[in-house]
file final33.tsv (TSV, C-alpha atoms)
chain	number	residue	atom	x	y	z
S	1078	MET	CA	62.87	-153.76	175.10
S	1079	THR	CA	66.56	-154.31	175.40
S	1080	GLY	CA	67.90	-151.71	172.99
S	1081	HIS	CA	69.33	-154.39	170.72
S	1082	ASP	CA	68.49	-153.89	167.10
S	1083	ILE	CA	67.10	-157.18	165.82
S	1084	GLY	CA	65.79	-157.60	162.31
S	1085	ASN	CA	64.29	-160.58	160.55
S	1086	LEU	CA	65.29	-161.47	157.02
S	1087	PHE	CA	61.94	-163.15	156.30
S	1088	ALA	CA	59.88	-160.16	157.43
S	1089	ASN	CA	58.73	-157.19	155.40
S	1090	ILE	CA	58.87	-158.87	152.02
S	1091	PRO	CA	57.67	-156.15	149.64
S	1092	HIS	CA	54.19	-156.78	148.22
S	1093	ASP	CA	55.09	-155.09	144.97
S	1094	LEU	CA	57.81	-157.18	143.40
S	1095	SER	CA	57.43	-155.77	139.92
S	1096	GLN	CA	61.03	-154.70	140.49
S	1097	GLU	CA	63.72	-156.56	142.37
S	1098	ALA	CA	64.06	-155.15	145.90
S	1099	SER	CA	67.37	-154.81	147.71
S	1100	GLU	CA	67.95	-153.50	151.16
S	1101	ASP	CA	71.09	-152.83	153.19
S	1102	ILE	CA	71.25	-154.93	156.33
S	1103	LEU	CA	74.70	-153.77	157.41
S	1104	ARG	CA	77.26	-151.33	156.10
S	1105	SER	CA	80.70	-151.18	157.56
S	1106	ASP	CA	84.25	-150.56	156.46
S	1107	GLY	CA	84.80	-152.72	153.38
S	1108	LEU	CA	81.67	-154.76	154.10
S	1109	ARG	CA	78.07	-154.54	152.97
S	1110	ILE	CA	75.36	-157.08	153.73
S	1111	GLU	CA	72.26	-156.87	151.56
S	1112	ARG	CA	69.00	-158.72	151.37
S	1113	ILE	CA	67.74	-159.01	147.80
S	1114	VAL	CA	64.23	-160.18	146.93
S	1115	SER	CA	63.58	-161.40	143.39
S	1116	LYS	CA	60.52	-162.96	141.82
S	1117	GLY	CA	61.17	-164.11	138.29
S	1118	HIS	CA	63.69	-161.32	137.82
S	1119	THR	CA	66.88	-161.74	135.86
S	1120	SER	CA	69.74	-159.38	135.14
S	1121	PRO	CA	69.26	-157.16	132.10
S	1122	ASP	CA	70.09	-159.12	128.94
S	1123	GLU	CA	72.72	-156.72	127.81
S	1124	GLY	CA	74.61	-156.51	131.08
S	1125	TRP	CA	77.01	-158.49	133.21
S	1126	TYR	CA	77.75	-157.63	136.80
S	1127	ASP	CA	81.44	-156.72	136.94
S	1128	GLN	CA	81.98	-155.74	140.55
S	1129	ASP	CA	84.93	-154.20	142.37
S	1130	GLU	CA	83.92	-156.17	145.46
S	1131	HIS	CA	83.90	-159.87	146.15
S	1132	GLU	CA	80.43	-161.25	146.81
S	1133	TRP	CA	79.39	-164.17	148.96
S	1134	VAL	CA	75.78	-165.04	148.20
S	1135	LEU	CA	73.33	-167.34	149.98
S	1136	VAL	CA	69.79	-168.34	149.01
S	1137	LEU	CA	67.45	-168.13	152.02
S	1138	ARG	CA	64.21	-168.90	150.20
S	1139	GLY	CA	63.19	-169.77	146.64
S	1140	GLY	CA	65.85	-170.43	144.04
S	1141	GLY	CA	67.81	-168.92	141.20
S	1142	ARG	CA	70.51	-169.43	138.62
S	1143	ILE	CA	73.68	-167.46	138.09
S	1144	ALA	CA	75.44	-167.51	134.74
S	1145	PHE	CA	79.08	-166.64	134.14
S	1146	ASP	CA	80.72	-165.23	131.07
S	1147	ASP	CA	82.63	-168.48	130.44
S	1148	GLY	CA	79.27	-170.06	129.60
S	1149	SER	CA	78.87	-171.90	132.91
S	1150	GLU	CA	75.73	-171.63	135.01
S	1151	VAL	CA	74.90	-172.69	138.55
S	1152	GLU	CA	71.53	-173.33	140.15
S	1153	LEU	CA	71.13	-172.35	143.79
S	1154	GLY	CA	68.38	-173.59	146.11
S	1155	VAL	CA	67.68	-172.90	149.76
S	1156	GLY	CA	70.85	-172.94	151.82
S	1157	ASP	CA	73.17	-172.96	148.81
S	1158	HIS	CA	75.96	-170.43	148.87
S	1159	LEU	CA	78.61	-169.34	146.41
S	1160	HIS	CA	81.56	-166.97	146.42
S	1161	ILE	CA	81.98	-164.73	143.41
S	1162	PRO	CA	85.38	-163.02	143.24
S	1163	ALA	CA	85.56	-159.37	142.22
S	1164	HIS	CA	85.40	-158.84	138.46
S	1165	ARG	CA	84.11	-162.34	137.81
S	1166	ARG	CA	81.47	-161.37	135.30
S	1167	HIS	CA	78.12	-162.91	136.11
S	1168	ARG	CA	74.41	-162.39	135.77
S	1169	VAL	CA	71.24	-163.74	137.31
S	1170	SER	CA	69.84	-165.89	134.51
S	1171	TRP	CA	66.70	-167.14	136.29
S	1172	THR	CA	64.80	-166.77	139.53
S	1173	ASP	CA	61.72	-168.70	140.60
S	1174	PRO	CA	58.65	-166.91	139.19
S	1175	SER	CA	56.25	-168.67	141.59
S	1176	GLN	CA	57.57	-167.28	144.88
S	1177	PRO	CA	59.90	-164.61	146.22
S	1178	THR	CA	63.54	-165.62	146.22
S	1179	LEU	CA	65.51	-164.19	149.14
S	1180	TRP	CA	69.24	-163.72	148.67
S	1181	LEU	CA	71.70	-162.71	151.33
S	1182	ALA	CA	74.69	-161.03	149.72
S	1183	VAL	CA	77.88	-160.18	151.59
S	1184	PHE	CA	80.00	-157.77	149.54
S	1185	HIS	CA	83.54	-157.34	150.74
S	1186	ARG	CA	86.92	-155.99	149.68
Y	1237	MET	CA	80.40	-179.72	136.89
Y	1238	THR	CA	81.01	-176.08	136.43
Y	1239	GLY	CA	84.00	-175.52	138.68
Y	1240	HIS	CA	82.00	-173.26	140.95
Y	1241	ASP	CA	82.31	-174.15	144.58
Y	1242	ILE	CA	78.79	-174.34	145.99
Y	1243	GLY	CA	78.09	-175.37	149.56
Y	1244	ASN	CA	74.85	-175.75	151.45
Y	1245	LEU	CA	74.44	-174.43	154.97
Y	1246	PHE	CA	71.79	-177.02	155.83
Y	1247	ALA	CA	73.90	-179.96	154.69
Y	1248	ASN	CA	76.38	-182.00	156.70
Y	1249	ILE	CA	74.96	-181.23	160.11
Y	1250	PRO	CA	77.22	-183.19	162.45
Y	1251	HIS	CA	75.53	-186.25	164.00
Y	1252	ASP	CA	77.53	-185.86	167.17
Y	1253	LEU	CA	76.49	-182.58	168.71
Y	1254	SER	CA	77.82	-183.33	172.16
Y	1255	GLN	CA	80.00	-180.29	171.44
Y	1256	GLU	CA	79.05	-177.18	169.53
Y	1257	ALA	CA	80.38	-177.41	165.96
Y	1258	SER	CA	81.71	-174.44	164.04
Y	1259	GLU	CA	83.02	-174.40	160.52
Y	1260	ASP	CA	84.62	-171.71	158.39
Y	1261	ILE	CA	82.59	-170.94	155.29
Y	1262	LEU	CA	84.77	-168.09	154.07
Y	1263	ARG	CA	87.97	-166.44	155.25
Y	1264	SER	CA	89.19	-163.29	153.66
Y	1265	ASP	CA	90.98	-160.10	154.61
Y	1266	GLY	CA	89.22	-158.81	157.72
Y	1267	LEU	CA	86.24	-161.12	157.18
Y	1268	ARG	CA	85.30	-164.55	158.41
Y	1269	ILE	CA	82.00	-166.28	157.81
Y	1270	GLU	CA	81.25	-169.23	160.08
Y	1271	ARG	CA	78.45	-171.71	160.43
Y	1272	ILE	CA	77.88	-172.72	164.03
Y	1273	VAL	CA	75.65	-175.63	165.05
Y	1274	SER	CA	74.40	-175.74	168.64
Y	1275	LYS	CA	71.98	-178.08	170.34
Y	1276	GLY	CA	71.21	-177.00	173.83
Y	1277	HIS	CA	74.70	-175.52	174.19
Y	1278	THR	CA	75.40	-172.34	176.04
Y	1279	SER	CA	78.59	-170.39	176.61
Y	1280	PRO	CA	80.63	-171.53	179.61
Y	1281	ASP	CA	79.15	-170.03	182.76
Y	1282	GLU	CA	82.34	-168.31	183.76
Y	1283	GLY	CA	83.04	-166.61	180.47
Y	1284	TRP	CA	81.87	-163.78	178.29
Y	1285	TYR	CA	82.81	-163.44	174.67
Y	1286	ASP	CA	84.87	-160.27	174.37
Y	1287	GLN	CA	85.85	-160.18	170.74
Y	1288	ASP	CA	88.22	-157.95	168.78
Y	1289	GLU	CA	85.94	-158.31	165.78
Y	1290	HIS	CA	82.42	-157.12	165.18
Y	1291	GLU	CA	79.95	-159.96	164.66
Y	1292	TRP	CA	76.79	-160.02	162.61
Y	1293	VAL	CA	74.82	-163.13	163.51
Y	1294	LEU	CA	71.78	-164.74	161.87
Y	1295	VAL	CA	69.71	-167.73	162.97
Y	1296	LEU	CA	69.04	-170.07	160.04
Y	1297	ARG	CA	67.30	-172.84	161.98
Y	1298	GLY	CA	66.27	-173.41	165.60
Y	1299	GLY	CA	66.62	-170.64	168.11
Y	1300	GLY	CA	68.75	-169.22	170.86
Y	1301	ARG	CA	69.25	-166.45	173.35
Y	1302	ILE	CA	72.15	-164.08	173.73
Y	1303	ALA	CA	72.79	-162.31	177.02
Y	1304	PHE	CA	74.82	-159.14	177.47
Y	1305	ASP	CA	76.80	-157.98	180.46
Y	1306	ASP	CA	74.38	-155.12	181.08
Y	1307	GLY	CA	71.81	-157.76	182.05
Y	1308	SER	CA	69.84	-157.59	178.82
Y	1309	GLU	CA	68.99	-160.69	176.82
Y	1310	VAL	CA	67.61	-161.23	173.35
Y	1311	GLU	CA	65.84	-164.23	171.88
Y	1312	LEU	CA	66.53	-165.03	168.25
Y	1313	GLY	CA	64.39	-167.26	166.04
Y	1314	VAL	CA	64.69	-168.24	162.41
Y	1315	GLY	CA	65.62	-165.28	160.24
Y	1316	ASP	CA	66.47	-163.02	163.17
Y	1317	HIS	CA	69.77	-161.21	162.96
Y	1318	LEU	CA	71.74	-159.01	165.30
Y	1319	HIS	CA	74.94	-157.00	165.13
Y	1320	ILE	CA	77.30	-157.27	168.08
Y	1321	PRO	CA	80.03	-154.62	168.11
Y	1322	ALA	CA	83.58	-155.64	169.03
Y	1323	HIS	CA	84.14	-155.86	172.78
Y	1324	ARG	CA	80.42	-155.91	173.53
Y	1325	ARG	CA	80.55	-158.66	176.13
Y	1326	HIS	CA	77.98	-161.35	175.44
Y	1327	ARG	CA	77.26	-165.02	175.89
Y	1328	VAL	CA	74.88	-167.60	174.51
Y	1329	SER	CA	72.50	-168.15	177.39
Y	1330	TRP	CA	70.24	-170.73	175.75
Y	1331	THR	CA	69.85	-172.75	172.57
Y	1332	ASP	CA	66.99	-175.03	171.65
Y	1333	PRO	CA	67.71	-178.49	173.13
Y	1334	SER	CA	65.20	-180.23	170.84
Y	1335	GLN	CA	66.82	-179.52	167.48
Y	1336	PRO	CA	70.07	-178.23	166.01
Y	1337	THR	CA	70.30	-174.45	165.89
Y	1338	LEU	CA	72.20	-173.13	162.89
Y	1339	TRP	CA	73.89	-169.76	163.22
Y	1340	LEU	CA	75.57	-167.83	160.47
Y	1341	ALA	CA	78.19	-165.53	161.94
Y	1342	VAL	CA	79.98	-162.84	159.94
Y	1343	PHE	CA	83.01	-161.58	161.87
Y	1344	HIS	CA	84.54	-158.40	160.55
Y	1345	ARG	CA	86.96	-155.62	161.42

call {"tool": "encode", "arguments": {"input": "final33.tsv", "output": "structure tokens"}}
result
Amino acid sequence: MTGHDIGNLFANIPHDLSQEASEDILRSDGLRIERIVSKGHTSPDEGWYDQDEHEWVLVLRGGGRIAFDDGSEVELGVGDHLHIPAHRRHRVSWTDPSQPTLWLAVFHR
Amino acid sequence: MTGHDIGNLFANIPHDLSQEASEDILRSDGLRIERIVSKGHTSPDEGWYDQDEHEWVLVLRGGGRIAFDDGSEVELGVGDHLHIPAHRRHRVSWTDPSQPTLWLAVFHR
């Protein structure tokens, strides 16, 4: 081995997806990269995400929808990416129930 | 339309890949996300990348190899990701000549 720490975003998908699974890929000053695996999950009905950080999100597999508090909604498929500024209230309104949806989320200041 | 700016990382692959093609996806304070498309390209023989920024890199399609100045080399396929600290001298020693290789690179301070 070379001592380089390689991971694979499509590996180690949790078998139990009764809950959404998120995992830190990288944490650094003002930056956090997460892999999130959903399967039919949505945000809690009562809650909006209202984040102090900006979020750039990319769908790597599957698909989902993100709703915003102005009533708009976007559908994201494989390869689609979106930037969500800090404090832009949003929620996950749908994810594909038939397969795991893999999100890559880059949170930054 | 919703006013949300969605892009797709698999769309608009340049037809002319006689040169490597890189494109800014996001630029923010201390953060730059780039899509790079290679097809058989390697870094110039004479040069190492010696970057002021850290780089987290992910292969979205295709495959490539990155060599380091300690003589080590890693091969990255689809979904593989690697973090390259600032000033870790490296070069792209091989990319798949048979298909475009898509890299997502997150440069950060």

call {"tool": "calpha_fit_and_write", "arguments": {"input": "final33.tsv", "fixed": "chain S", "moving": "chain Y", "output": "compact mmCIF listing (two decimals) with C-alpha atoms, in the coordinates of the input"}}
result
# COMPACT_ATOMS: atom_id res chain seq x y z
CA MET Y 1237 62.85 -153.70 175.00
CA THR Y 1238 66.50 -154.31 175.36
CA GLY Y 1239 67.94 -151.72 173.00
CA HIS Y 1240 69.34 -154.40 170.74
CA ASP Y 1241 68.48 -153.90 167.13
CA ILE Y 1242 67.10 -157.19 165.84
CA GLY Y 1243 65.78 -157.60 162.32
CA ASN Y 1244 64.29 -160.58 160.54
CA LEU Y 1245 65.29 -161.48 157.01
CA PHE Y 1246 61.94 -163.15 156.30
CA ALA Y 1247 59.90 -160.16 157.44
CA ASN Y 1248 58.72 -157.20 155.40
CA ILE Y 1249 58.87 -158.87 152.02
CA PRO Y 1250 57.68 -156.14 149.65
CA HIS Y 1251 54.19 -156.77 148.23
CA ASP Y 1252 55.10 -155.08 144.99
CA LEU Y 1253 57.81 -157.18 143.41
CA SER Y 1254 57.42 -155.75 139.93
CA GLN Y 1255 61.03 -154.68 140.51
CA GLU Y 1256 63.72 -156.56 142.37
CA ALA Y 1257 64.06 -155.14 145.90
CA SER Y 1258 67.36 -154.82 147.71
CA GLU Y 1259 67.95 -153.51 151.18
CA ASP Y 1260 71.08 -152.84 153.19
CA ILE Y 1261 71.25 -154.94 156.34
CA LEU Y 1262 74.69 -153.79 157.42
CA ARG Y 1263 77.26 -151.34 156.09
CA SER Y 1264 80.69 -151.19 157.57
CA ASP Y 1265 84.25 -150.57 156.48
CA GLY Y 1266 84.79 -152.72 153.40
CA LEU Y 1267 81.65 -154.76 154.10
CA ARG Y 1268 78.06 -154.55 152.98
CA ILE Y 1269 75.37 -157.09 153.73
CA GLU Y 1270 72.26 -156.88 151.55
CA ARG Y 1271 68.99 -158.71 151.36
CA ILE Y 1272 67.73 -159.00 147.80
CA VAL Y 1273 64.22 -160.17 146.92
CA SER Y 1274 63.58 -161.40 143.38
CA LYS Y 1275 60.52 -162.95 141.82
CA GLY Y 1276 61.17 -164.11 138.33
CA HIS Y 1277 63.70 -161.31 137.82
CA THR Y 1278 66.87 -161.74 135.87
CA SER Y 1279 69.74 -159.38 135.15
CA PRO Y 1280 69.23 -157.15 132.12
CA ASP Y 1281 70.06 -159.12 128.98
CA GLU Y 1282 72.70 -156.69 127.84
CA GLY Y 1283 74.64 -156.52 131.06
CA TRP Y 1284 77.00 -158.50 133.21
CA TYR Y 1285 77.75 -157.64 136.79
CA ASP Y 1286 81.43 -156.73 136.94
CA GLN Y 1287 81.96 -155.75 140.54
CA ASP Y 1288 84.91 -154.20 142.36
CA GLU Y 1289 83.92 -156.17 145.44
CA HIS Y 1290 83.91 -159.87 146.13
CA GLU Y 1291 80.43 -161.26 146.80
CA TRP Y 1292 79.41 -164.17 148.95
CA VAL Y 1293 75.80 -165.03 148.19
CA LEU Y 1294 73.33 -167.33 149.97
CA VAL Y 1295 69.79 -168.33 149.01
CA LEU Y 1296 67.46 -168.13 152.01
CA ARG Y 1297 64.21 -168.90 150.20
CA GLY Y 1298 63.22 -169.77 146.63
CA GLY Y 1299 65.86 -170.41 144.04
CA GLY Y 1300 67.81 -168.93 141.19
CA ARG Y 1301 70.51 -169.42 138.62
CA ILE Y 1302 73.68 -167.47 138.09
CA ALA Y 1303 75.45 -167.53 134.74
CA PHE Y 1304 79.10 -166.66 134.15
CA ASP Y 1305 80.74 -165.24 131.07
CA ASP Y 1306 82.63 -168.48 130.46
CA GLY Y 1307 79.26 -170.06 129.64
CA SER Y 1308 78.88 -171.91 132.92
CA GLU Y 1309 75.74 -171.64 135.02
CA VAL Y 1310 74.90 -172.69 138.55
CA GLU Y 1311 71.53 -173.34 140.15
CA LEU Y 1312 71.12 -172.34 143.77
CA GLY Y 1313 68.39 -173.58 146.10
CA VAL Y 1314 67.69 -172.89 149.74
CA GLY Y 1315 70.86 -172.93 151.81
CA ASP Y 1316 73.17 -172.94 148.80
CA HIS Y 1317 75.97 -170.42 148.86
CA LEU Y 1318 78.62 -169.33 146.40
CA HIS Y 1319 81.57 -166.97 146.42
CA ILE Y 1320 81.99 -164.72 143.40
CA PRO Y 1321 85.39 -163.02 143.22
CA ALA Y 1322 85.56 -159.35 142.21
CA HIS Y 1323 85.41 -158.84 138.45
CA ARG Y 1324 84.11 -162.35 137.82
CA ARG Y 1325 81.47 -161.38 135.29
CA HIS Y 1326 78.12 -162.91 136.13
CA ARG Y 1327 74.40 -162.39 135.79
CA VAL Y 1328 71.23 -163.76 137.31
CA SER Y 1329 69.83 -165.89 134.52
CA TRP Y 1330 66.71 -167.14 136.29
CA THR Y 1331 64.78 -166.77 139.53
CA ASP Y 1332 61.72 -168.70 140.60
CA PRO Y 1333 58.64 -166.91 139.18
CA SER Y 1334 56.25 -168.66 141.59
CA GLN Y 1335 57.57 -167.29 144.88
CA PRO Y 1336 59.90 -164.61 146.21
CA THR Y 1337 63.55 -165.63 146.23
CA LEU Y 1338 65.52 -164.20 149.14
CA TRP Y 1339 69.24 -163.72 148.67
CA LEU Y 1340 71.71 -162.71 151.32
CA ALA Y 1341 74.69 -161.02 149.71
CA VAL Y 1342 77.88 -160.17 151.58
CA PHE Y 1343 80.00 -157.77 149.53
CA HIS Y 1344 83.55 -157.34 150.72
CA ARG Y 1345 86.94 -155.99 149.70

call {"tool": "closest_residue", "arguments": {"input": "final33.tsv", "among": "Y:Val1342, Y:Val1293, Y:Val1273, Y:Leu1318", "to": "chain S", "atoms": "only C-alpha atoms"}}
result
Y:Leu1318

call {"tool": "closest_atom_pairs", "arguments": {"input": "final33.tsv", "of": "chain Y", "to": "chain S", "cutoff": "6 Å", "atoms": "all atoms listed in the file", "output": "tab-separated table"}}
result
residue	atom	partner	partner_atom	distance
Y:Thr1238	CA	S:Ser1149	CA	5.9
Y:Ile1242	CA	S:Leu1159	CA	5.0
Y:Gly1243	CA	S:His1158	CA	5.4
Y:Asn1244	CA	S:Asp1157	CA	4.2
Y:Leu1245	CA	S:Gly1156	CA	5.0
Y:Phe1246	CA	S:Gly1156	CA	5.8
Y:Ser1308	CA	S:Thr1079	CA	5.8
Y:Gly1315	CA	S:Asn1085	CA	4.9
Y:Asp1316	CA	S:Asn1085	CA	4.2
Y:His1317	CA	S:Gly1084	CA	5.4
Y:Leu1318	CA	S:Ile1083	CA	5.0

call {"tool": "atom_distance", "arguments": {"input": "final33.tsv", "atom1": "atom CA of Thr1331 of chain Y", "atom2": "atom CA of Leu1179 of chain S"}}
result
25.3 Å

call {"tool": "atom_distance", "arguments": {"input": "final33.tsv", "atom1": "atom CA of Asn1089 of chain S", "atom2": "atom CA of Trp1339 of chain Y"}}
result
21.2 Å

call {"tool": "atom_distance", "arguments": {"input": "final33.tsv", "atom1": "atom CA of Trp1125 of chain S", "atom2": "atom CA of Asp1173 of chain S"}}
result
19.8 Å

call {"tool": "axis_aligned_box", "arguments": {"input": "final33.tsv", "around": "segment 1293-1309 of chain Y", "padding_each_side": "3 Å", "output": "JSON"}}
result
{"center_x": 71.5, "center_y": -164.3, "center_z": 171.0, "size_x": 16.5, "size_y": 24.3, "size_z": 28.0}

call {"tool": "residues_around", "arguments": {"input": "final33.tsv", "residues": "His1326 of chain Y", "least_positions_apart": "4", "cutoff": "8 Å", "atoms": "all atoms listed in the file", "output": "VMD selection string"}}
result
chain Y and resid 1284 to 1286 1302 to 1305

call {"tool": "closest_residue", "arguments": {"input": "final33.tsv", "among": "Y:Pro1321, Y:Pro1333, Y:Glu1256, Y:Ala1341", "to": "Pro1280 of chain Y", "atoms": "all atoms listed in the file"}}
result
Y:Glu1256

call {"tool": "residues_around", "arguments": {"input": "final33.tsv", "residues": "Val1169 of chain S", "least_positions_apart": "6", "cutoff": "6 Å", "atoms": "only C-alpha atoms", "output": "CSV table (one decimal) with C-alpha atoms, in the coordinates of the input"}}
result
chain,number,residue,atom,x,y,z
S,1119,THR,CA,66.9,-161.7,135.9
S,1120,SER,CA,69.7,-159.4,135.1
S,1142,ARG,CA,70.5,-169.4,138.6
S,1143,ILE,CA,73.7,-167.5,138.1
